[in-house]
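**Q** Handing over start-v1.csv, CSV, C-alpha atoms.
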chain,number,residue,atom,x,y,z
P,12,MET,CA,34.9,-2.5,-33.9
P,13,SER,CA,32.1,-4.9,-33.0
P,14,THR,CA,28.7,-3.4,-32.4
P,15,GLY,CA,27.0,-6.5,-31.2
P,16,PRO,CA,23.3,-6.5,-30.4
P,17,GLY,CA,22.2,-3.1,-31.7
P,18,LEU,CA,18.6,-2.0,-31.6
P,19,GLU,CA,18.6,-2.1,-35.4
P,20,SER,CA,16.1,-5.0,-35.5
P,21,LEU,CA,13.7,-3.1,-33.4
P,22,VAL,CA,13.4,0.0,-35.5
P,23,ASP,CA,9.8,0.8,-36.5
P,24,GLN,CA,8.6,-1.9,-33.9
P,25,THR,CA,6.7,-1.2,-30.8
P,26,ILE,CA,8.9,-1.4,-27.8
P,27,SER,CA,8.5,-1.2,-24.1
P,28,VAL,CA,11.2,0.8,-22.3
P,29,ILE,CA,12.0,0.6,-18.6
P,30,THR,CA,13.9,3.7,-17.4
P,31,ASN,CA,16.3,4.1,-14.5
P,32,ASP,CA,13.6,5.8,-12.4
P,33,GLY,CA,11.3,2.9,-12.8
P,34,ARG,CA,9.0,4.2,-15.5
P,35,ASN,CA,7.6,2.0,-18.3
P,36,ILE,CA,7.2,3.8,-21.6
P,37,VAL,CA,5.7,2.1,-24.7
P,38,GLY,CA,6.2,3.4,-28.2
P,39,VAL,CA,7.5,2.9,-31.7
P,40,LEU,CA,11.3,3.0,-32.0
P,41,ARG,CA,12.3,5.4,-34.7
P,42,GLY,CA,16.0,5.8,-34.1
P,43,PHE,CA,18.9,5.1,-31.7
P,44,ASP,CA,22.6,5.6,-31.3
P,45,GLN,CA,25.6,3.9,-29.7
P,46,ALA,CA,24.9,5.6,-26.4
P,47,THR,CA,21.4,3.9,-26.5
P,48,ASN,CA,19.7,7.3,-26.8
P,49,ILE,CA,16.4,6.5,-28.5
P,50,ILE,CA,13.7,8.2,-30.4
P,51,LEU,CA,10.3,6.9,-29.5
P,52,ASP,CA,7.2,7.8,-31.5
P,53,GLU,CA,3.5,7.5,-30.5
P,54,SER,CA,4.6,6.9,-27.0
P,55,HIS,CA,2.7,6.5,-23.8
P,56,GLU,CA,3.6,5.8,-20.2
P,57,ARG,CA,2.1,2.9,-18.3
P,58,VAL,CA,1.7,3.8,-14.7
P,59,TYR,CA,1.3,0.8,-12.4
P,60,SER,CA,-0.4,1.0,-9.1
P,61,THR,CA,-1.5,-1.5,-6.4
P,62,LYS,CA,-4.8,0.5,-5.9
P,63,GLU,CA,-6.1,0.8,-9.5
P,64,GLY,CA,-5.5,-0.6,-13.0
P,65,VAL,CA,-2.7,0.5,-15.3
P,66,GLN,CA,-2.9,4.2,-16.3
P,67,GLN,CA,-1.8,5.1,-19.8
P,68,LEU,CA,-0.5,8.7,-20.3
P,69,VAL,CA,-0.1,9.8,-23.8
P,70,LEU,CA,3.3,11.4,-24.5
P,71,GLY,CA,3.8,11.6,-28.2
P,72,LEU,CA,7.3,11.9,-29.8
P,73,TYR,CA,10.1,11.5,-27.3
P,74,ILE,CA,13.8,11.3,-27.1
P,75,ILE,CA,15.0,9.2,-24.2
P,76,ARG,CA,18.6,9.6,-23.1
P,77,GLY,CA,20.6,6.4,-23.0
P,78,ASP,CA,21.9,7.1,-19.6
P,79,ASN,CA,18.5,6.7,-18.2
P,80,ILE,CA,17.5,3.5,-20.0
P,81,SER,CA,17.5,0.1,-18.2
P,82,VAL,CA,15.6,-2.2,-20.6
P,83,VAL,CA,14.3,-2.1,-24.1
P,84,GLY,CA,11.8,-4.8,-24.7
P,85,GLU,CA,10.2,-5.9,-28.0
P,86,LEU,CA,6.5,-5.7,-27.4
P,87,ASP,CA,4.6,-8.6,-28.8
P,88,GLU,CA,1.3,-7.1,-30.0
P,89,GLU,CA,-0.6,-10.4,-29.6
P,90,LEU,CA,0.5,-10.8,-26.0
P,91,ASP,CA,-0.2,-7.2,-25.3
P,92,ALA,CA,-3.7,-7.4,-26.8
P,93,ASN,CA,-4.5,-10.3,-24.4
P,94,LEU,CA,-3.6,-8.2,-21.4
P,95,ASP,CA,-6.4,-6.5,-19.5
P,96,LEU,CA,-4.4,-3.5,-18.2
P,97,SER,CA,-7.4,-2.3,-16.1
P,98,LYS,CA,-7.2,-5.5,-14.0
P,99,LEU,CA,-3.4,-5.3,-13.5
P,100,ARG,CA,-2.2,-4.4,-10.0
P,101,ALA,CA,1.5,-4.0,-9.2
P,102,HIS,CA,3.9,-1.9,-7.3
P,103,PRO,CA,5.8,0.6,-9.6
P,104,LEU,CA,9.3,-0.6,-10.5
P,105,LYS,CA,12.1,0.5,-8.3
P,106,PRO,CA,14.6,3.1,-9.4
P,107,VAL,CA,18.1,1.7,-10.0
P,108,GLY,CA,19.6,4.0,-7.5
P,109,ARG,CA,22.9,5.8,-7.6
P,110,TRP,CA,26.1,5.3,-5.7
P,111,THR,CA,27.3,8.1,-3.6
P,112,ILE,CA,30.3,8.7,-1.4
P,113,SER,CA,29.8,10.7,1.8
P,114,THR,CA,31.6,11.2,5.1
P,115,LEU,CA,30.1,10.2,8.3
P,116,ASN,CA,32.0,11.3,11.4
P,117,GLY,CA,35.2,11.5,9.3
P,118,VAL,CA,34.8,8.1,7.8
P,119,PHE,CA,34.2,7.7,4.1
P,120,ALA,CA,31.1,5.6,3.3
P,121,MET,CA,29.8,4.5,0.0
P,122,SER,CA,26.1,3.8,-0.3
P,123,ARG,CA,23.4,3.4,-2.8
P,124,VAL,CA,20.8,6.1,-2.6
P,125,PHE,CA,17.3,6.4,-4.1
P,126,PRO,CA,15.1,9.5,-4.6
P,127,LEU,CA,12.9,9.7,-1.6
P,128,THR,CA,9.8,10.7,-3.5
P,129,MET,CA,9.9,7.5,-5.6
P,130,LEU,CA,9.9,5.3,-2.5
P,131,MET,CA,7.1,7.1,-0.8
P,132,ASP,CA,4.5,6.9,-3.5
P,133,GLU,CA,2.7,3.8,-2.2
P,134,GLU,CA,1.4,3.9,1.3
P,135,GLU,CA,0.7,0.2,1.5
P,136,ALA,CA,2.8,-2.2,3.4
P,137,VAL,CA,4.6,-4.7,1.3
P,138,ASP,CA,3.9,-8.2,2.6
G,21,MET,CA,57.0,0.1,-17.0
G,22,PRO,CA,55.4,-2.7,-18.9
G,23,SER,CA,55.6,-2.1,-22.6
G,24,ALA,CA,52.5,-2.2,-24.7
G,25,ALA,CA,52.4,-5.7,-26.1
G,26,ALA,CA,50.5,-6.9,-29.1
G,27,PRO,CA,47.0,-8.1,-28.0
G,28,ARG,CA,47.4,-11.4,-26.2
G,29,ARG,CA,45.7,-14.4,-27.7
G,30,SER,CA,43.5,-16.1,-25.1
G,31,ALA,CA,41.1,-18.9,-25.5
G,32,PHE,CA,38.4,-16.3,-26.0
G,33,SER,CA,39.9,-14.0,-28.6
G,34,SER,CA,38.5,-14.6,-32.0
G,35,PRO,CA,40.1,-13.4,-35.3
G,36,SER,CA,36.7,-12.4,-36.6
G,37,HIS,CA,36.5,-9.7,-33.9
G,38,PRO,CA,39.2,-7.1,-34.6
G,39,CYS,CA,39.9,-4.9,-31.6
G,40,PRO,CA,42.2,-1.9,-31.6
G,41,SER,CA,45.5,-2.8,-30.0
G,42,PRO,CA,45.1,-2.0,-26.3
G,43,SER,CA,47.8,0.3,-25.0
G,44,LEU,CA,46.5,-0.1,-21.5
G,45,SER,CA,45.9,-3.5,-19.9
G,46,ILE,CA,42.8,-2.2,-18.3
G,47,TYR,CA,41.3,-1.9,-21.8
G,48,PHE,CA,42.1,-5.5,-22.5
G,49,ALA,CA,40.4,-6.4,-19.2
G,50,LYS,CA,37.1,-5.3,-20.7
G,51,MET,CA,37.5,-7.7,-23.6
G,52,LEU,CA,37.8,-10.7,-21.3
G,53,PHE,CA,34.2,-10.6,-20.2
G,54,PHE,CA,33.0,-9.7,-23.6
G,55,SER,CA,34.8,-12.7,-25.1
G,56,TYR,CA,33.5,-14.8,-22.2
G,57,PHE,CA,29.8,-13.8,-22.8
G,58,LYS,CA,30.2,-14.5,-26.5
G,59,GLU,CA,31.0,-18.1,-25.5
G,60,LEU,CA,27.7,-18.2,-23.6
G,61,VAL,CA,25.5,-17.2,-26.5
G,62,GLY,CA,22.6,-19.7,-26.7
G,63,LYS,CA,22.7,-20.6,-23.0
G,64,GLU,CA,19.9,-19.8,-20.5
G,65,VAL,CA,20.9,-17.1,-18.1
G,66,THR,CA,19.2,-14.9,-15.5
G,67,VAL,CA,20.1,-11.3,-15.4
G,68,GLU,CA,19.5,-9.4,-12.2
G,69,LEU,CA,19.2,-5.7,-12.6
G,70,LYS,CA,20.0,-2.9,-10.2
G,71,ASN,CA,16.3,-2.2,-9.8
G,72,ASP,CA,15.9,-5.8,-8.4
G,73,LEU,CA,14.2,-7.0,-11.5
G,74,ALA,CA,15.4,-10.5,-12.5
G,75,ILE,CA,15.0,-11.6,-16.1
G,76,ARG,CA,15.6,-15.2,-17.3
G,77,GLY,CA,16.2,-15.9,-21.0
G,78,THR,CA,18.4,-17.3,-23.7
G,79,LEU,CA,21.5,-15.2,-24.3
G,80,HIS,CA,21.2,-13.9,-27.9
G,81,SER,CA,24.1,-11.5,-28.1
G,82,VAL,CA,26.4,-9.3,-26.1
G,83,ASP,CA,28.4,-6.2,-27.1
G,84,GLN,CA,31.5,-4.3,-26.0
G,85,TYR,CA,29.5,-2.4,-23.4
G,86,LEU,CA,28.2,-5.8,-22.1
G,87,ASN,CA,24.7,-4.8,-23.1
G,88,ILE,CA,22.8,-8.1,-23.3
G,89,LYS,CA,20.1,-9.2,-25.6
G,90,LEU,CA,17.8,-12.0,-24.3
G,91,GLU,CA,15.2,-14.1,-26.1
G,92,ASN,CA,12.1,-15.8,-24.8
G,93,ILE,CA,12.3,-14.0,-21.6
G,94,ARG,CA,10.5,-14.7,-18.4
G,95,VAL,CA,10.6,-12.4,-15.4
G,96,VAL,CA,11.5,-14.3,-12.3
G,97,ASP,CA,8.8,-13.0,-10.0
G,98,GLN,CA,6.1,-12.4,-12.7
G,99,ASP,CA,3.3,-11.7,-10.2
G,100,LYS,CA,5.4,-8.9,-8.6
G,101,TYR,CA,6.7,-7.6,-11.8
G,102,PRO,CA,4.0,-7.9,-14.5
G,103,HIS,CA,5.6,-4.9,-16.3
G,104,MET,CA,7.1,-7.1,-19.1
G,105,LEU,CA,4.3,-9.6,-19.7
G,106,SER,CA,4.0,-8.6,-23.4
G,107,VAL,CA,7.7,-8.7,-24.0
G,108,ARG,CA,9.4,-11.8,-25.6
G,109,ASN,CA,12.8,-10.5,-26.4
G,110,CYS,CA,14.6,-7.6,-24.7
G,111,PHE,CA,17.8,-5.5,-24.8
G,112,ILE,CA,19.4,-4.9,-21.4
G,113,ARG,CA,21.8,-2.0,-21.0
G,114,GLY,CA,25.1,-3.2,-19.5
G,115,SER,CA,25.2,-0.3,-17.0
G,116,VAL,CA,22.1,-1.5,-15.2
G,117,VAL,CA,23.1,-5.2,-14.7
G,118,ARG,CA,23.9,-6.3,-11.1
G,119,TYR,CA,24.4,-10.0,-11.7
G,120,VAL,CA,24.3,-12.5,-14.6
G,121,GLN,CA,23.5,-15.9,-13.2
G,122,LEU,CA,24.9,-18.7,-15.3
G,123,PRO,CA,24.3,-22.4,-15.7
G,124,PRO,CA,26.9,-24.2,-13.6
G,125,ASP,CA,28.0,-26.3,-16.6
G,126,GLY,CA,28.2,-23.2,-18.9
G,127,VAL,CA,31.6,-22.3,-17.6
G,128,ASP,CA,35.0,-23.8,-18.4
G,129,ILE,CA,36.7,-22.7,-15.3
G,130,ASP,CA,40.2,-23.7,-16.5
G,131,ILE,CA,40.0,-21.5,-19.6
G,132,LEU,CA,38.7,-18.7,-17.6
G,133,HIS,CA,41.5,-19.0,-15.0
G,134,ASP,CA,44.1,-19.1,-17.8
G,135,ALA,CA,42.7,-16.0,-19.4
G,136,THR,CA,42.5,-14.1,-16.1
G,137,ARG,CA,46.1,-15.1,-15.2
G,138,ARG,CA,47.3,-13.9,-18.4
G,139,GLU,CA,45.6,-10.6,-17.8
G,140,ALA,CA,47.0,-10.3,-14.3
G,141,ARG,CA,50.5,-10.9,-15.6
G,142,GLY,CA,50.0,-8.2,-18.3
G,143,GLY,CA,48.7,-5.7,-15.8
In C-alpha cells, how does this file's structure come out?

**A**
Amino acid sequence: MSTGPGLESLVDQTISVITNDGRNIVGVLRGFDQATNIILDESHERVYSTKEGVQQLVLGLYIIRGDNISVVGELDEELDANLDLSKLRAHPLKPVGRWTISTLNGVFAMSRVFPLTMLMDEEEAVD
Amino acid sequence: MPSAAAPRRSAFSSPSHPCPSPSLSIYFAKMLFFSYFKELVGKEVTVELKNDLAIRGTLHSVDQYLNIKLENIRVVDQDKYPHMLSVRNCFIRGSVVRYVQLPPDGVDIDILHDATRREARGG
C-alpha cells in the first residue's frame, strides 16, 4: 500500500497549518497519522485582520484533527523572520464550507453553507 | 453481475505500486486519478481549494487520498492571501481541493480516454 507524500519530512520542523474554519496555526510538528491528525508543539495562532496587524495567540501543545486540516505548509524561518507581521493587513481566510441537503417547498436542494459568525467578523466592504 | 477481474493494466498502472485487488470497480476508479497525478509529478500545477485559496507550485507527490505536496509555491493572489508568505513547500489535504489546474501539454488525452473507457467497461 503506497503512502505517498507523508508528513514525515516535516516532523520537528516548524509548520503553518490552515484549518477548515480559516485559522492559521503555526507550531512544531511532533507527530501525525494517516488521517492527517497532527500533534503541534509550541503552537500559536496568527489572526489576520484588515484593521490591525497580525495577532499572535499562544496555544501550546495541540492535537489538530485531520478532518479539520486544509493545508500544512513548511515554514521557512528565514522568510518568516523577514515578515513584519505588525504591518500585515488581510481578510481572514474563508472557511471551506460544508455541503448540505435541504428541502425547499418540497424540492431537494444541495447547497454549500458557511458558519454565519465566520462571515460577519469583518464589517468592511470588500472592493 | 460482473465478476471481480484481476486489476486491469492501464497505461497508468505501475508494477512498483502494489494495490490490493479491487473487488469493486469503484475502488479501481480511485486508482485512475492517483495514477494520473503520478504522471504529472514535476509539472507546474495550480491547486484551487474550497476556501477559494489558489496555490501554484511544482507537483512533488500525490497519495492514495489525492493529498498533494507542492514545492516552491506561490499563492495566486498574494496580496489578498498573505497567509502563506513564509511557506515554500506545502501539503494539501485531498478533501479540501476544488480544482487542480494543469498545463495543457501535461495531459496525454488519448491515454486518459483509454483508461477511462476501460474503467467504464469494467463498471

**Q** Considering only C-alpha atoms, tabulate each residue of chain G that lies at most 7 Å from chain P along with its nearest interatomic pair and the corresponding distance in Å to one decimal; arrange the rows by chain and ascending residue number and present them as a Markdown table.

**A**
| residue | atom | partner | partner_atom | distance |
| --- | --- | --- | --- | --- |
| G:His37 | CA | P:Ser13 | CA | 6.6 |
| G:Pro38 | CA | P:Met12 | CA | 6.3 |
| G:Cys39 | CA | P:Met12 | CA | 6.0 |
| G:Lys70 | CA | P:Val107 | CA | 5.0 |
| G:Asn71 | CA | P:Val107 | CA | 4.3 |
| G:Ser81 | CA | P:Pro16 | CA | 5.6 |
| G:Val82 | CA | P:Gly15 | CA | 5.8 |
| G:Asp83 | CA | P:Gly15 | CA | 4.3 |
| G:Lys89 | CA | P:Pro16 | CA | 6.4 |
| G:Lys100 | CA | P:Ala101 | CA | 6.3 |
| G:Tyr101 | CA | P:Ala101 | CA | 6.8 |
| G:Ser106 | CA | P:Asp91 | CA | 4.8 |
| G:Val107 | CA | P:Leu86 | CA | 4.7 |
| G:Arg108 | CA | P:Glu85 | CA | 6.4 |
| G:Asn109 | CA | P:Glu85 | CA | 5.5 |
| G:Cys110 | CA | P:Gly84 | CA | 4.0 |
| G:Phe111 | CA | P:Val83 | CA | 4.9 |
| G:Ile112 | CA | P:Val82 | CA | 4.7 |
| G:Arg113 | CA | P:Ser81 | CA | 5.5 |
| G:Val116 | CA | P:Ser81 | CA | 5.7 |

**Q** Quick one: distance from atom CA of Gly71 of chain P to atom CA of Gln98 of chain G in Å, one decimal?

**A**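 Going from atom CA of Gly71 of chain P over to atom CA of Gln98 of chain G covers 28.7 Å.
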
**Q** Grab the atom CA of Ile36 of chain P to atom CA of Val61 of chain G distance for me, in Å with one decimal place.

**A**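 One can read the atom CA of Ile36 of chain P to atom CA of Val61 of chain G distance as 28.3 Å.
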
**Q** How many Å lie between atom CA of Ser60 of chain P and atom CA of Val96 of chain G, rounded to one decimal?

**A**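 If I compute the distance from atom CA of Ser60 of chain P to atom CA of Val96 of chain G, I get 19.6 Å.
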
**Q** Which is closer to Tyr73 of chain P than all the others in P:Thr61, P:Ser122, P:Ser97, P:Asn48, using only C-alpha atoms?

**A**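 Looking at the shortest contact to Tyr73 of chain P, the residue is P:Asn48.
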
**Q** Nearest to Leu105 of chain G among P:Val22, P:Val124, P:Ile49, P:Leu96, with distances taken over all atoms listed in the file: which residue is it?

**A**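 Comparing P:Val22, P:Val124, P:Ile49, P:Leu96 against Leu105 of chain G, the winner is P:Leu96.
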
**Q** Could you tell me which of G:Gln84, G:Glu91, G:His133, G:Gly142 comes closest to Ser55 of chain G if we count all atoms listed in the file?

**A**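 Closest residue, counting all atoms listed in the file: G:Gln84.
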
**Q** Counting all atoms listed in the file, which residue out of G:Val117, G:Ala140, G:Ile75, G:Ile129 sits closest to Tyr56 of chain G?

**A**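 Ranked by minimum distance to Tyr56 of chain G, first place goes to G:Ile129.
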
**Q** Can you list, as a count of residues only, every protein, DNA or RNA residue that comes within 9 Å of Leu72 of chain P when you count only C-alpha atoms, leaving out same-chain residues fewer than 4 positions away?

**A** 6

**Q** Of the candidates G:Glu64, G:Phe54, G:Leu69, G:Glu59, which one gets nearest to Ile131 of chain G if we count all atoms listed in the file?

**A**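 For Ile131 of chain G, the nearest of the candidates is G:Glu59.
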
**Q** When you write segment 34-69 of chain P out from the block above, keep C-alpha atoms and present the result as a CSV table (one decimal), in the first residue's frame, please.

**A**
chain,number,residue,atom,x,y,z
P,34,ARG,CA,-7.5,29.7,11.0
P,35,ASN,CA,-3.7,29.8,10.7
P,36,ILE,CA,-1.8,27.9,13.4
P,37,VAL,CA,2.0,27.8,13.5
P,38,GLY,CA,3.9,25.3,15.5
P,39,VAL,CA,6.4,22.4,15.6
P,40,LEU,CA,5.1,19.2,14.1
P,41,ARG,CA,5.7,16.3,16.6
P,42,GLY,CA,3.5,13.6,15.1
P,43,PHE,CA,0.9,12.7,12.6
P,44,ASP,CA,-1.1,9.7,11.3
P,45,GLN,CA,-2.7,8.5,8.1
P,46,ALA,CA,-5.8,10.6,8.8
P,47,THR,CA,-3.6,13.7,8.9
P,48,ASN,CA,-4.3,14.2,12.6
P,49,ILE,CA,-1.3,16.1,13.9
P,50,ILE,CA,0.5,17.0,17.1
P,51,LEU,CA,1.7,20.5,17.1
P,52,ASP,CA,4.1,21.8,19.8
P,53,GLU,CA,4.8,25.4,20.8
P,54,SER,CA,1.9,26.5,18.7
P,55,HIS,CA,0.4,29.9,18.2
P,56,GLU,CA,-2.5,31.2,16.1
P,57,ARG,CA,-1.9,34.0,13.7
P,58,VAL,CA,-5.1,36.1,13.5
P,59,TYR,CA,-5.3,38.3,10.4
P,60,SER,CA,-7.3,41.4,10.3
P,61,THR,CA,-7.8,44.3,7.8
P,62,LYS,CA,-7.8,46.8,10.7
P,63,GLU,CA,-4.7,45.9,12.7
P,64,GLY,CA,-1.5,43.8,12.3
P,65,VAL,CA,-1.4,40.1,12.8
P,66,GLN,CA,-2.2,39.0,16.3
P,67,GLN,CA,-0.4,36.0,17.7
P,68,LEU,CA,-2.2,33.9,20.3
P,69,VAL,CA,-0.1,31.4,22.2
